[in-house]
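Have a look at structure.tsv below; it lists TSV, C-alpha atoms.
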```tsv
chain	number	residue	atom	x	y	z
A	32	MET	CA	96.51	-10.54	-30.10
A	33	ALA	CA	97.53	-14.06	-30.98
A	34	GLY	CA	94.51	-15.42	-29.08
A	35	SER	CA	92.17	-13.02	-30.87
A	36	SER	CA	93.62	-13.96	-34.24
A	37	SER	CA	93.21	-17.67	-33.59
A	38	GLU	CA	89.60	-17.16	-32.38
A	39	LEU	CA	88.79	-15.14	-35.52
A	40	HIS	CA	90.33	-17.81	-37.70
A	41	SER	CA	88.36	-20.46	-35.84
A	42	GLU	CA	85.07	-18.55	-36.30
A	43	THR	CA	85.82	-18.04	-40.00
A	44	GLY	CA	86.45	-21.74	-40.38
A	45	ARG	CA	83.19	-22.59	-38.65
A	46	ALA	CA	81.27	-20.22	-40.91
A	47	ALA	CA	82.86	-21.74	-43.98
A	48	THR	CA	82.00	-25.24	-42.75
A	49	TRP	CA	78.41	-24.22	-41.99
A	50	ARG	CA	78.03	-22.64	-45.42
A	51	ALA	CA	79.47	-25.70	-47.11
A	52	ARG	CA	77.10	-28.03	-45.28
A	53	GLY	CA	74.09	-25.72	-45.36
A	54	THR	CA	71.17	-26.64	-47.60
A	55	THR	CA	69.05	-24.19	-49.54
A	56	GLN	CA	65.27	-24.60	-49.62
A	57	THR	CA	64.21	-23.49	-53.09
A	58	HIS	CA	60.65	-24.92	-52.87
A	59	GLY	CA	60.81	-25.94	-56.53
A	60	LEU	CA	58.08	-28.60	-56.32
A	61	ARG	CA	55.62	-26.29	-54.57
A	62	THR	CA	56.21	-23.37	-56.93
A	63	THR	CA	55.76	-25.66	-59.94
A	64	LEU	CA	52.51	-27.00	-58.54
A	65	THR	CA	51.41	-23.42	-57.79
A	66	LEU	CA	52.10	-22.38	-61.37
A	67	VAL	CA	50.01	-25.27	-62.71
A	68	VAL	CA	47.13	-24.41	-60.37
A	69	ALA	CA	47.32	-20.70	-61.28
A	70	ILE	CA	47.24	-21.45	-65.02
A	71	PHE	CA	44.25	-23.74	-64.55
A	72	CYS	CA	42.53	-21.12	-62.39
A	73	PHE	CA	43.16	-18.37	-64.94
A	74	PHE	CA	41.67	-20.30	-67.85
A	75	LEU	CA	38.74	-21.54	-65.78
A	76	VAL	CA	37.89	-18.03	-64.58
A	77	ALA	CA	38.26	-16.55	-68.07
A	78	VAL	CA	36.05	-19.20	-69.69
A	79	SER	CA	33.47	-18.94	-66.89
A	80	ALA	CA	33.36	-15.15	-67.14
A	81	GLN	CA	32.82	-15.35	-70.90
A	82	HIS	CA	30.06	-17.98	-70.74
A	83	ILE	CA	28.19	-16.54	-67.75
A	84	GLY	CA	28.50	-12.99	-69.10
A	85	SER	CA	27.12	-14.02	-72.48
A	86	TYR	CA	24.21	-15.82	-70.81
A	87	ALA	CA	23.44	-12.75	-68.68
A	88	VAL	CA	23.37	-10.53	-71.79
A	89	GLU	CA	20.99	-12.98	-73.49
A	90	GLN	CA	18.68	-12.69	-70.46
A	91	GLY	CA	18.47	-8.92	-70.83
A	92	VAL	CA	21.24	-7.77	-68.50
A	93	SER	CA	23.20	-4.83	-69.88
A	94	LYS	CA	26.64	-5.61	-71.29
A	95	VAL	CA	28.37	-3.35	-68.77
A	96	ALA	CA	26.67	-4.99	-65.78
A	97	ALA	CA	27.45	-8.43	-67.20
A	98	LEU	CA	31.09	-7.73	-68.06
A	99	ILE	CA	32.22	-5.91	-64.91
A	100	PRO	CA	32.12	-8.92	-62.51
A	101	GLY	CA	33.79	-11.17	-65.08
A	102	GLY	CA	36.42	-8.55	-65.83
A	103	ILE	CA	37.25	-8.14	-62.14
A	104	ALA	CA	37.53	-11.91	-61.73
A	105	ALA	CA	39.78	-12.18	-64.81
A	106	VAL	CA	42.07	-9.42	-63.53
A	107	ALA	CA	42.29	-11.17	-60.15
A	108	ALA	CA	43.15	-14.45	-61.89
A	109	GLY	CA	45.83	-12.67	-63.91
A	110	TYR	CA	47.31	-11.25	-60.71
A	111	VAL	CA	47.40	-14.75	-59.21
A	112	LEU	CA	49.12	-16.07	-62.33
A	113	LEU	CA	51.75	-13.33	-62.06
A	114	LEU	CA	52.32	-14.27	-58.41
A	115	ALA	CA	52.84	-17.90	-59.40
A	116	ILE	CA	55.27	-16.94	-62.19
A	117	ARG	CA	57.18	-14.74	-59.77
A	118	ALA	CA	57.38	-17.59	-57.25
A	119	ALA	CA	58.71	-19.97	-59.93
A	120	MET	CA	61.30	-17.41	-61.06
A	121	LYS	CA	62.45	-16.80	-57.48
A	122	SER	CA	62.78	-20.54	-56.92
A	123	ALA	CA	64.83	-20.95	-60.11
A	124	ALA	CA	67.07	-18.02	-59.12
A	125	ALA	CA	67.60	-19.60	-55.70
A	126	ARG	CA	68.77	-22.83	-57.32
A	127	ARG	CA	71.25	-20.99	-59.53
A	128	HIS	CA	72.64	-18.57	-56.96
A	129	ALA	CA	76.13	-19.33	-55.64
A	130	ASP	CA	75.74	-17.44	-52.35
A	131	VAL	CA	73.88	-19.61	-49.85
A	132	TYR	CA	72.50	-16.60	-47.96
A	133	GLU	CA	71.06	-14.95	-51.07
A	134	ALA	CA	69.75	-18.32	-52.22
A	135	ARG	CA	67.90	-18.84	-48.95
A	136	ALA	CA	66.43	-15.35	-49.12
A	137	LEU	CA	65.19	-16.01	-52.65
A	138	GLY	CA	63.78	-19.37	-51.55
A	139	ALA	CA	61.87	-17.70	-48.71
A	140	GLU	CA	60.42	-15.14	-51.15
A	141	ALA	CA	59.42	-17.96	-53.52
A	142	SER	CA	57.71	-19.79	-50.68
A	143	LEU	CA	55.71	-16.72	-49.61
A	144	ALA	CA	54.67	-15.89	-53.18
A	145	SER	CA	53.59	-19.47	-53.84
A	146	TRP	CA	51.43	-19.60	-50.71
A	147	LYS	CA	49.80	-16.29	-51.65
A	148	ALA	CA	49.09	-17.56	-55.15
A	149	LEU	CA	47.63	-20.83	-53.84
A	150	SER	CA	45.45	-18.95	-51.35
A	151	TRP	CA	44.08	-16.57	-53.98
A	152	SER	CA	43.58	-19.43	-56.43
A	153	GLY	CA	41.48	-21.29	-53.90
A	154	ALA	CA	39.36	-18.19	-53.24
A	155	LEU	CA	38.82	-17.59	-56.97
A	156	LEU	CA	37.84	-21.21	-57.55
A	157	VAL	CA	35.25	-21.01	-54.77
A	158	VAL	CA	33.81	-17.78	-56.23
A	159	THR	CA	33.74	-19.32	-59.72
A	160	ALA	CA	31.93	-22.39	-58.39
A	161	GLY	CA	29.37	-20.07	-56.77
A	162	ALA	CA	28.87	-18.23	-60.07
A	163	TRP	CA	28.24	-21.49	-61.92
A	164	PHE	CA	25.82	-22.57	-59.16
A	165	MET	CA	23.84	-19.39	-59.82
A	166	ALA	CA	23.90	-19.91	-63.60
A	167	VAL	CA	23.25	-23.65	-64.09
A	168	ASN	CA	19.84	-25.08	-64.96
A	169	ASP	CA	18.79	-21.94	-66.81
A	170	ALA	CA	19.79	-19.80	-63.79
A	171	ALA	CA	17.17	-21.46	-61.59
A	172	VAL	CA	18.87	-20.35	-58.38
A	173	SER	CA	19.21	-16.76	-59.57
A	174	ARG	CA	15.60	-16.63	-60.68
A	175	THR	CA	14.36	-18.06	-57.37
A	176	PHE	CA	16.38	-15.90	-54.97
A	177	PHE	CA	17.57	-12.89	-56.99
A	178	ASP	CA	14.75	-11.80	-59.30
A	179	LEU	CA	15.77	-8.16	-59.67
A	180	GLU	CA	12.37	-7.00	-60.92
A	181	LEU	CA	10.57	-8.52	-57.93
A	182	ILE	CA	13.19	-7.20	-55.50
A	183	GLN	CA	12.79	-3.71	-56.95
A	184	SER	CA	8.99	-3.76	-56.92
A	185	SER	CA	8.70	-5.18	-53.38
A	186	ALA	CA	11.59	-3.35	-51.72
A	187	GLY	CA	9.42	-0.46	-50.52
A	188	LYS	CA	6.97	-2.71	-48.67
A	189	VAL	CA	9.72	-4.83	-47.16
A	190	ILE	CA	11.75	-1.83	-45.99
A	191	TRP	CA	8.64	-0.24	-44.47
A	192	ALA	CA	7.87	-3.44	-42.60
A	193	PHE	CA	11.51	-3.65	-41.50
A	194	GLY	CA	10.78	-0.54	-39.45
A	195	THR	CA	8.78	-2.83	-37.14
A	196	ASN	CA	11.87	-4.96	-36.59
A	197	VAL	CA	13.93	-1.88	-35.81
A	198	THR	CA	11.28	-0.61	-33.37
A	199	ILE	CA	11.11	-3.94	-31.57
A	200	PHE	CA	14.89	-4.05	-31.39
A	201	ALA	CA	15.29	-0.49	-30.10
A	202	VAL	CA	12.64	-0.74	-27.37
A	203	SER	CA	13.69	-4.25	-26.33
A	204	ALA	CA	17.37	-3.30	-26.15
A	205	VAL	CA	16.68	-0.47	-23.68
A	206	LEU	CA	14.40	-2.62	-21.54
A	207	ILE	CA	16.85	-5.52	-21.59
A	208	LEU	CA	19.76	-3.38	-20.41
A	209	VAL	CA	17.77	-2.11	-17.43
A	210	TRP	CA	15.98	-5.36	-16.58
A	211	SER	CA	19.06	-7.58	-16.85
A	212	LEU	CA	21.07	-5.21	-14.63
A	213	LEU	CA	18.42	-5.51	-11.92
A	214	ILE	CA	18.54	-9.31	-12.23
A	215	ALA	CA	22.34	-9.33	-12.06
A	216	ILE	CA	22.35	-7.12	-8.96
A	217	ALA	CA	19.76	-9.39	-7.32
A	218	ARG	CA	21.91	-12.39	-8.23
A	219	THR	CA	24.93	-10.87	-6.46
A	220	LEU	CA	23.22	-9.63	-3.29
A	221	PRO	CA	25.32	-10.58	-0.25
A	222	GLY	CA	24.37	-12.26	3.02
A	223	GLU	CA	21.36	-14.14	4.29
A	224	ALA	CA	19.00	-11.24	3.62
A	225	GLY	CA	19.71	-11.41	-0.10
A	226	ARG	CA	19.25	-15.17	-0.40
A	227	PRO	CA	15.54	-15.18	-1.46
A	228	LEU	CA	16.21	-12.66	-4.23
A	229	ARG	CA	19.32	-14.58	-5.31
A	230	TYR	CA	17.25	-17.75	-5.63
A	231	LEU	CA	14.53	-15.98	-7.62
A	232	ALA	CA	17.07	-14.38	-9.97
A	233	THR	CA	18.79	-17.73	-10.47
A	234	ALA	CA	15.49	-19.47	-11.20
A	235	TYR	CA	14.52	-16.77	-13.70
A	236	GLY	CA	17.85	-17.05	-15.51
A	237	ASP	CA	17.70	-20.83	-15.67
A	238	LEU	CA	14.11	-20.79	-16.93
A	239	PHE	CA	14.43	-18.30	-19.77
A	240	ARG	CA	17.88	-19.44	-20.85
A	241	GLY	CA	16.46	-22.94	-21.13
A	242	LEU	CA	13.44	-21.92	-23.22
A	243	PRO	CA	13.97	-21.31	-26.95
A	244	ALA	CA	13.11	-17.72	-27.84
A	245	ILE	CA	10.49	-18.80	-30.37
A	246	ILE	CA	8.57	-20.75	-27.70
A	247	THR	CA	8.63	-17.79	-25.32
A	248	ILE	CA	7.33	-15.52	-28.08
A	249	TYR	CA	4.61	-18.03	-28.98
A	250	LEU	CA	3.46	-18.52	-25.38
A	251	ILE	CA	3.33	-14.81	-24.61
A	252	GLY	CA	1.96	-13.72	-27.99
A	253	PHE	CA	-0.91	-16.22	-28.00
A	254	GLY	CA	-1.22	-16.90	-24.27
A	255	LEU	CA	-1.62	-13.45	-22.75
A	256	PRO	CA	-4.57	-12.47	-25.01
A	257	LEU	CA	-6.42	-15.55	-23.71
A	258	THR	CA	-6.02	-14.58	-20.05
A	259	ASN	CA	-8.40	-11.59	-20.23
A	260	LEU	CA	-6.12	-9.76	-17.79
A	261	PRO	CA	-6.55	-5.98	-17.80
A	262	ILE	CA	-4.06	-4.19	-20.06
A	263	LEU	CA	-1.95	-7.32	-20.73
A	264	SER	CA	-4.63	-9.04	-22.80
A	265	ASP	CA	-5.25	-5.94	-24.91
A	266	LEU	CA	-1.73	-5.29	-26.15
A	267	GLY	CA	-0.68	-5.56	-29.78
A	268	SER	CA	1.55	-8.26	-31.24
A	269	THR	CA	4.49	-5.84	-31.32
A	270	SER	CA	4.19	-5.28	-27.58
A	271	TYR	CA	4.01	-9.02	-26.93
A	272	ALA	CA	7.13	-9.48	-29.02
A	273	ILE	CA	8.97	-6.83	-26.99
A	274	ILE	CA	7.94	-8.48	-23.71
A	275	ALA	CA	9.03	-11.92	-24.89
A	276	LEU	CA	12.39	-10.77	-26.21
A	277	THR	CA	13.02	-8.72	-23.06
A	278	LEU	CA	12.40	-11.75	-20.86
A	279	THR	CA	14.53	-14.03	-23.02
A	280	TYR	CA	17.49	-11.75	-23.58
A	281	GLY	CA	17.25	-10.33	-20.06
A	282	ALA	CA	18.27	-13.77	-18.79
A	283	TYR	CA	21.30	-13.96	-21.07
A	284	THR	CA	22.36	-10.36	-20.55
A	285	SER	CA	22.06	-10.66	-16.76
A	286	GLU	CA	24.77	-13.31	-16.86
A	287	VAL	CA	26.99	-10.94	-18.84
A	288	TYR	CA	26.40	-8.25	-16.23
A	289	ARG	CA	27.04	-10.71	-13.42
A	290	ALA	CA	30.34	-11.77	-14.97
A	291	GLY	CA	31.36	-8.12	-15.18
A	292	ILE	CA	30.31	-7.41	-11.59
A	293	GLU	CA	32.15	-10.43	-10.22
A	294	GLY	CA	35.16	-9.50	-12.37
A	295	VAL	CA	35.65	-6.24	-10.46
A	296	HIS	CA	38.55	-6.76	-8.07
A	297	HIS	CA	37.50	-7.10	-4.45
A	298	SER	CA	39.95	-4.37	-3.46
A	299	GLN	CA	37.76	-1.85	-5.29
A	300	VAL	CA	34.76	-2.86	-3.20
A	301	ALA	CA	36.82	-2.88	0.01
A	302	ALA	CA	38.14	0.60	-0.75
A	303	ALA	CA	34.64	1.94	-1.38
A	304	ARG	CA	33.25	0.39	1.80
A	305	SER	CA	36.18	1.72	3.85
A	306	LEU	CA	35.26	5.22	2.67
A	307	GLY	CA	31.83	4.76	4.20
A	308	LEU	CA	29.80	3.91	1.10
A	309	SER	CA	26.87	1.58	1.57
A	310	HIS	CA	26.46	-1.56	-0.52
A	311	THR	CA	23.97	0.26	-2.78
A	312	LYS	CA	26.26	3.25	-3.33
A	313	THR	CA	29.25	0.97	-3.86
A	314	MET	CA	27.38	-0.86	-6.60
A	315	ARG	CA	26.12	2.38	-8.13
A	316	TYR	CA	29.30	4.44	-8.13
A	317	VAL	CA	32.08	1.84	-8.23
A	318	VAL	CA	31.18	-1.71	-9.21
A	319	VAL	CA	28.61	-1.21	-11.98
A	320	PRO	CA	30.62	1.48	-13.88
A	321	LEU	CA	33.74	-0.71	-13.77
A	322	ALA	CA	31.75	-3.79	-14.77
A	323	VAL	CA	30.05	-2.09	-17.73
A	324	ARG	CA	33.42	-0.89	-19.00
A	325	ASN	CA	34.60	-4.50	-19.28
A	326	ILE	CA	31.47	-6.06	-20.78
A	327	ILE	CA	30.65	-3.73	-23.67
A	328	PRO	CA	31.83	-6.22	-26.37
A	329	PRO	CA	29.65	-9.12	-25.13
A	330	LEU	CA	26.74	-6.72	-24.67
A	331	MET	CA	27.13	-5.68	-28.31
A	332	ASN	CA	27.15	-9.34	-29.34
A	333	ASN	CA	23.85	-9.79	-27.53
A	334	CYS	CA	22.48	-6.77	-29.40
A	335	ILE	CA	23.43	-8.36	-32.72
A	336	SER	CA	21.64	-11.59	-31.76
A	337	LEU	CA	18.61	-9.60	-30.59
A	338	GLN	CA	18.45	-7.72	-33.90
A	339	LYS	CA	18.37	-10.99	-35.85
A	340	ASP	CA	15.85	-12.65	-33.52
A	341	THR	CA	13.30	-9.91	-34.15
A	342	ALA	CA	12.43	-11.97	-37.24
A	343	LEU	CA	10.99	-14.62	-34.89
A	344	VAL	CA	8.03	-12.36	-34.11
A	345	ALA	CA	6.52	-13.50	-37.40
A	346	ILE	CA	5.32	-16.57	-35.49
A	347	ILE	CA	2.64	-14.48	-33.70
A	348	GLY	CA	1.50	-12.60	-36.80
A	349	THR	CA	3.43	-9.36	-36.42
A	350	ILE	CA	3.78	-7.78	-39.86
A	351	ASP	CA	7.52	-7.35	-39.79
A	352	ALA	CA	9.87	-7.57	-42.75
A	353	PHE	CA	9.95	-11.36	-42.73
A	354	ASN	CA	6.18	-11.76	-42.62
A	355	GLN	CA	5.76	-9.14	-45.34
A	356	SER	CA	8.30	-10.94	-47.53
A	357	LYS	CA	6.50	-14.26	-47.01
A	358	ILE	CA	3.26	-12.70	-48.23
A	359	ILE	CA	5.02	-11.37	-51.33
A	360	ALA	CA	6.75	-14.72	-51.88
A	361	ALA	CA	3.45	-16.61	-51.65
A	362	ASN	CA	1.81	-14.27	-54.16
A	363	ASN	CA	4.65	-14.50	-56.69
A	364	PHE	CA	5.95	-18.05	-56.08
A	365	ASN	CA	9.41	-16.57	-55.67
A	366	LEU	CA	11.70	-16.00	-52.67
A	367	SER	CA	13.47	-12.87	-53.86
A	368	ALA	CA	11.59	-10.69	-51.35
A	369	VAL	CA	12.96	-12.88	-48.54
A	370	THR	CA	16.42	-12.25	-49.99
A	371	THR	CA	15.74	-8.53	-49.54
A	372	VAL	CA	15.06	-9.16	-45.84
A	373	ALA	CA	18.29	-11.13	-45.57
A	374	ILE	CA	20.21	-8.25	-47.15
A	375	LEU	CA	18.64	-5.75	-44.75
A	376	PHE	CA	19.65	-7.80	-41.71
A	377	ILE	CA	23.16	-8.26	-43.08
A	378	VAL	CA	23.54	-4.54	-43.77
A	379	ILE	CA	22.46	-3.63	-40.25
A	380	THR	CA	24.42	-6.31	-38.38
A	381	ILE	CA	27.80	-6.20	-40.14
A	382	PRO	CA	28.63	-2.66	-38.87
A	383	GLN	CA	27.72	-3.83	-35.36
A	384	ALA	CA	30.01	-6.85	-35.72
A	385	ARG	CA	32.89	-4.64	-36.88
A	386	LEU	CA	32.24	-2.33	-33.93
A	387	VAL	CA	32.49	-5.30	-31.57
A	388	ASP	CA	35.80	-6.29	-33.17
A	389	LYS	CA	37.07	-2.74	-32.72
A	390	LEU	CA	36.02	-2.65	-29.06
A	391	ILE	CA	37.64	-6.02	-28.37
A	392	ASP	CA	40.85	-4.88	-30.05
A	393	ARG	CA	40.81	-1.66	-28.01
A	394	ASP	CA	40.36	-3.59	-24.75
A	395	ARG	CA	43.14	-5.98	-25.72
A	396	LYS	CA	45.51	-3.08	-26.35
A	397	ARG	CA	44.49	-1.45	-23.08
A	398	MET	CA	45.18	-4.64	-21.14
A	399	ARG	CA	48.57	-5.06	-22.78
A	400	ALA	CA	49.40	-1.49	-21.84
A	401	GLY	CA	48.36	-2.18	-18.27
A	402	GLY	CA	45.36	0.14	-18.42
```
As structure tokens, what does this structure read like?
Amino acid sequence: MAGSSSELHSETGRAATWRARGTTQTHGLRTTLTLVVAIFCFFLVAVSAQHIGSYAVEQGVSKVAALIPGGIAAVAAGYVLLLAIRAAMKSAAARRHADVYEARALGAEASLASWKALSWSGALLVVTAGAWFMAVNDAAVSRTFFDLELIQSSAGKVIWAFGTNVTIFAVSAVLILVWSLLIAIARTLPGEAGRPLRYLATAYGDLFRGLPAIITIYLIGFGLPLTNLPILSDLGSTSYAIIALTLTYGAYTSEVYRAGIEGVHHSQVAAARSLGLSHTKTMRYVVVPLAVRNIIPPLMNNCISLQKDTALVAIIGTIDAFNQSKIIAANNFNLSAVTTVAILFIVITIPQARLVDKLIDRDRKRMRAGG
């Protein structure tokens, strides 16, 4: 008992010594700086919202449409200011508090609140700078890229032409998945008998991965009609675009397939062969299904790139959304129709990007769980 009492007394003495020597981080300088930045940000956003909103109303924009963005920005700036005030108050409370543990907890809360306020202040300042960029020089940028009347009047033609992009993407994607799998299988053929096909598959991949997609489209779109070959010389520009994109993306996607095939553990192949499966059946029933399961995210990334690169078919005269928007832009001396095309591509690719993120996160969780 005596030993326990002395040890307890010793521990109590150490705690008292540690508390006496311990320092409290109140982050007073940072919270003060944060408060100054938040006040500046609040007034800048408020003044900008008032000036830009008034200018928009003068240009014929309804008061509601002009006030809503400014009101949202002002509310966000007010929230940031409240965060900064809270951080300063927490820091001051930490300096006054007698208990070192409570003081440190308050200091940590002040630090977190100040960083949040600084982060949101920076974001608001960037957005405000963008708003002024759109409004300066009599709103030259807005008039050039965001003429709402022209966007509204030309949207039907652009959306109709965008159907060509979607068609090219859909047909090319199916052909690419099949063609690139054949190339990947040829690239992984075993033994001496498979060497010629391995060399051909390697040469194909090196060639079309080295050529820019726009050059491949140009050569096929303008070259094949000059050959007078049956069928090939009589195709439309959309068909030439599909062929060119299939050849280009088939080379890239074959490498994704090959990585997946070679990533399948050799024990899986050995087990299949020991059961009497031939090389073809092993690839069909074991290797390829396992490989595809692991390469879906990179395949989706290739699909996103393919969707965007359908705009390159404009080089051979295909009337897709981009070419249609260029015609409208040339007739009106304004690029707002091209902005419509940009919005269409963004709308169709962002969901795909989020799907890729979800698939990657699912695979990461599965690997952590040992699945």
Which residues of stretch 61-119 of chain A have any atom within 12 Å of an atom in stretch 160-171 of chain A when counting only C-alpha atoms, and what is the closest pair of atoms for each, with the distance in Å to one decimal? Order the rows by chain and rising number and write it as CSV.
```
residue,atom,partner,partner_atom,distance
A:Cys72,CA,A:Ala160,CA,11.4
A:Leu75,CA,A:Ala160,CA,10.1
A:Val76,CA,A:Ala160,CA,9.6
A:Val78,CA,A:Trp163,CA,11.3
A:Ser79,CA,A:Trp163,CA,7.7
A:Ala80,CA,A:Ala162,CA,8.9
A:Gln81,CA,A:Trp163,CA,11.8
A:His82,CA,A:Ala166,CA,9.6
A:Ile83,CA,A:Ala166,CA,6.9
A:Gly84,CA,A:Ala166,CA,10.0
A:Ser85,CA,A:Ala166,CA,11.1
A:Tyr86,CA,A:Ala166,CA,8.3
A:Ala87,CA,A:Ala166,CA,8.8
A:Glu89,CA,A:Asp169,CA,11.4
A:Gln90,CA,A:Ala170,CA,9.8
A:Pro100,CA,A:Ala162,CA,10.2
A:Gly101,CA,A:Ala162,CA,10.0
A:Ala104,CA,A:Ala162,CA,10.8
```
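The space between atom CA of A:Arg240 and atom CA of A:Leu278 spans 9.4 Å.
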May I have the centre and edge lengths, in Å to one decimal, of an axis-aligned box around the listed atoms of stretch 331-338 of chain A with 4 Å added to every side, as AutoDock Vina command-line options?
```
--center_x 22.8 --center_y -8.6 --center_z -30.7 --size_x 16.7 --size_y 13.9 --size_z 14.4
```
Measuring atom to atom with all atoms listed in the file, identify which of A:Val68, A:Ala134, A:Leu113, A:Ala352 is nearest to A:Val197.
A:Ala352
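Counting only C-alpha atoms and comparing A:Thr198, A:His296, A:Lys121, A:Ser309, the residue that lies closest to A:Glu133 is A:Lys121.
In terms of minimum interatomic distance to A:Ala118, A:Leu149 ranks closest within A:Leu337, A:Leu149, A:Val157, A:Ile246, counting only C-alpha atoms.
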Find the residues near A:Thr380: any atom within 8 Å, counting all atoms listed in the file, skip ones fewer than 4 places away on the same chain, and give them as a list in words.
Ile335, Gln338, Phe376 and Ala384 of chain A
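Note that the spacing between atom CA of A:Ala148 and atom CA of A:Leu112 amounts to 7.3 Å.
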Could you pull out every residue with an atom within 12 Å of (57.7, -12.9, -53.0), file coordinates, counting only C-alpha atoms, and send them as a PyMOL selection string?
chain A and resi 62+113-122+136-148
Final N, CA, C and O atoms of stretch 368-383 of chain A as a JSON list (two decimals), in the coordinates of the input:
```json
[["chain", "number", "residue", "atom", "x", "y", "z"],
["A", 368, "ALA", "N", 11.92, -11.66, -52.40],
["A", 368, "ALA", "CA", 11.59, -10.69, -51.35],
["A", 368, "ALA", "C", 12.22, -11.09, -50.02],
["A", 368, "ALA", "O", 12.63, -10.23, -49.24],
["A", 369, "VAL", "N", 12.30, -12.40, -49.77],
["A", 369, "VAL", "CA", 12.96, -12.88, -48.54],
["A", 369, "VAL", "C", 14.46, -12.57, -48.61],
["A", 369, "VAL", "O", 15.09, -12.27, -47.59],
["A", 370, "THR", "N", 15.02, -12.64, -49.81],
["A", 370, "THR", "CA", 16.42, -12.25, -49.99],
["A", 370, "THR", "C", 16.62, -10.79, -49.62],
["A", 370, "THR", "O", 17.65, -10.43, -49.02],
["A", 371, "THR", "N", 15.65, -9.94, -49.93],
["A", 371, "THR", "CA", 15.74, -8.53, -49.54],
["A", 371, "THR", "C", 15.82, -8.40, -48.03],
["A", 371, "THR", "O", 16.61, -7.60, -47.51],
["A", 372, "VAL", "N", 15.02, -9.19, -47.32],
["A", 372, "VAL", "CA", 15.06, -9.16, -45.84],
["A", 372, "VAL", "C", 16.44, -9.59, -45.35],
["A", 372, "VAL", "O", 17.01, -8.99, -44.43],
["A", 373, "ALA", "N", 16.96, -10.65, -45.96],
["A", 373, "ALA", "CA", 18.29, -11.13, -45.57],
["A", 373, "ALA", "C", 19.33, -10.04, -45.76],
["A", 373, "ALA", "O", 20.20, -9.83, -44.89],
["A", 374, "ILE", "N", 19.25, -9.33, -46.88],
["A", 374, "ILE", "CA", 20.21, -8.25, -47.15],
["A", 374, "ILE", "C", 20.08, -7.14, -46.12],
["A", 374, "ILE", "O", 21.08, -6.60, -45.63],
["A", 375, "LEU", "N", 18.85, -6.81, -45.75],
["A", 375, "LEU", "CA", 18.64, -5.75, -44.75],
["A", 375, "LEU", "C", 19.26, -6.13, -43.41],
["A", 375, "LEU", "O", 19.93, -5.29, -42.77],
["A", 376, "PHE", "N", 19.07, -7.38, -42.99],
["A", 376, "PHE", "CA", 19.65, -7.80, -41.71],
["A", 376, "PHE", "C", 21.18, -7.82, -41.79],
["A", 376, "PHE", "O", 21.86, -7.44, -40.83],
["A", 377, "ILE", "N", 21.70, -8.24, -42.92],
["A", 377, "ILE", "CA", 23.16, -8.26, -43.08],
["A", 377, "ILE", "C", 23.73, -6.85, -43.03],
["A", 377, "ILE", "O", 24.73, -6.58, -42.36],
["A", 378, "VAL", "N", 23.06, -5.93, -43.73],
["A", 378, "VAL", "CA", 23.54, -4.54, -43.77],
["A", 378, "VAL", "C", 23.54, -3.92, -42.38],
["A", 378, "VAL", "O", 24.44, -3.14, -42.03],
["A", 379, "ILE", "N", 22.56, -4.27, -41.56],
["A", 379, "ILE", "CA", 22.46, -3.63, -40.25],
["A", 379, "ILE", "C", 23.31, -4.31, -39.18],
["A", 379, "ILE", "O", 23.68, -3.70, -38.17],
["A", 380, "THR", "N", 23.65, -5.59, -39.40],
["A", 380, "THR", "CA", 24.42, -6.31, -38.38],
["A", 380, "THR", "C", 25.93, -6.28, -38.61],
["A", 380, "THR", "O", 26.70, -6.33, -37.65],
["A", 381, "ILE", "N", 26.36, -6.20, -39.88],
["A", 381, "ILE", "CA", 27.80, -6.20, -40.14],
["A", 381, "ILE", "C", 28.50, -5.00, -39.50],
["A", 381, "ILE", "O", 29.56, -5.17, -38.87],
["A", 382, "PRO", "N", 27.96, -3.77, -39.59],
["A", 382, "PRO", "CA", 28.63, -2.66, -38.87],
["A", 382, "PRO", "C", 28.72, -2.91, -37.37],
["A", 382, "PRO", "O", 29.72, -2.55, -36.73],
["A", 383, "GLN", "N", 27.68, -3.53, -36.79],
["A", 383, "GLN", "CA", 27.72, -3.83, -35.36],
["A", 383, "GLN", "C", 28.82, -4.85, -35.07],
["A", 383, "GLN", "O", 29.55, -4.73, -34.06]]
```
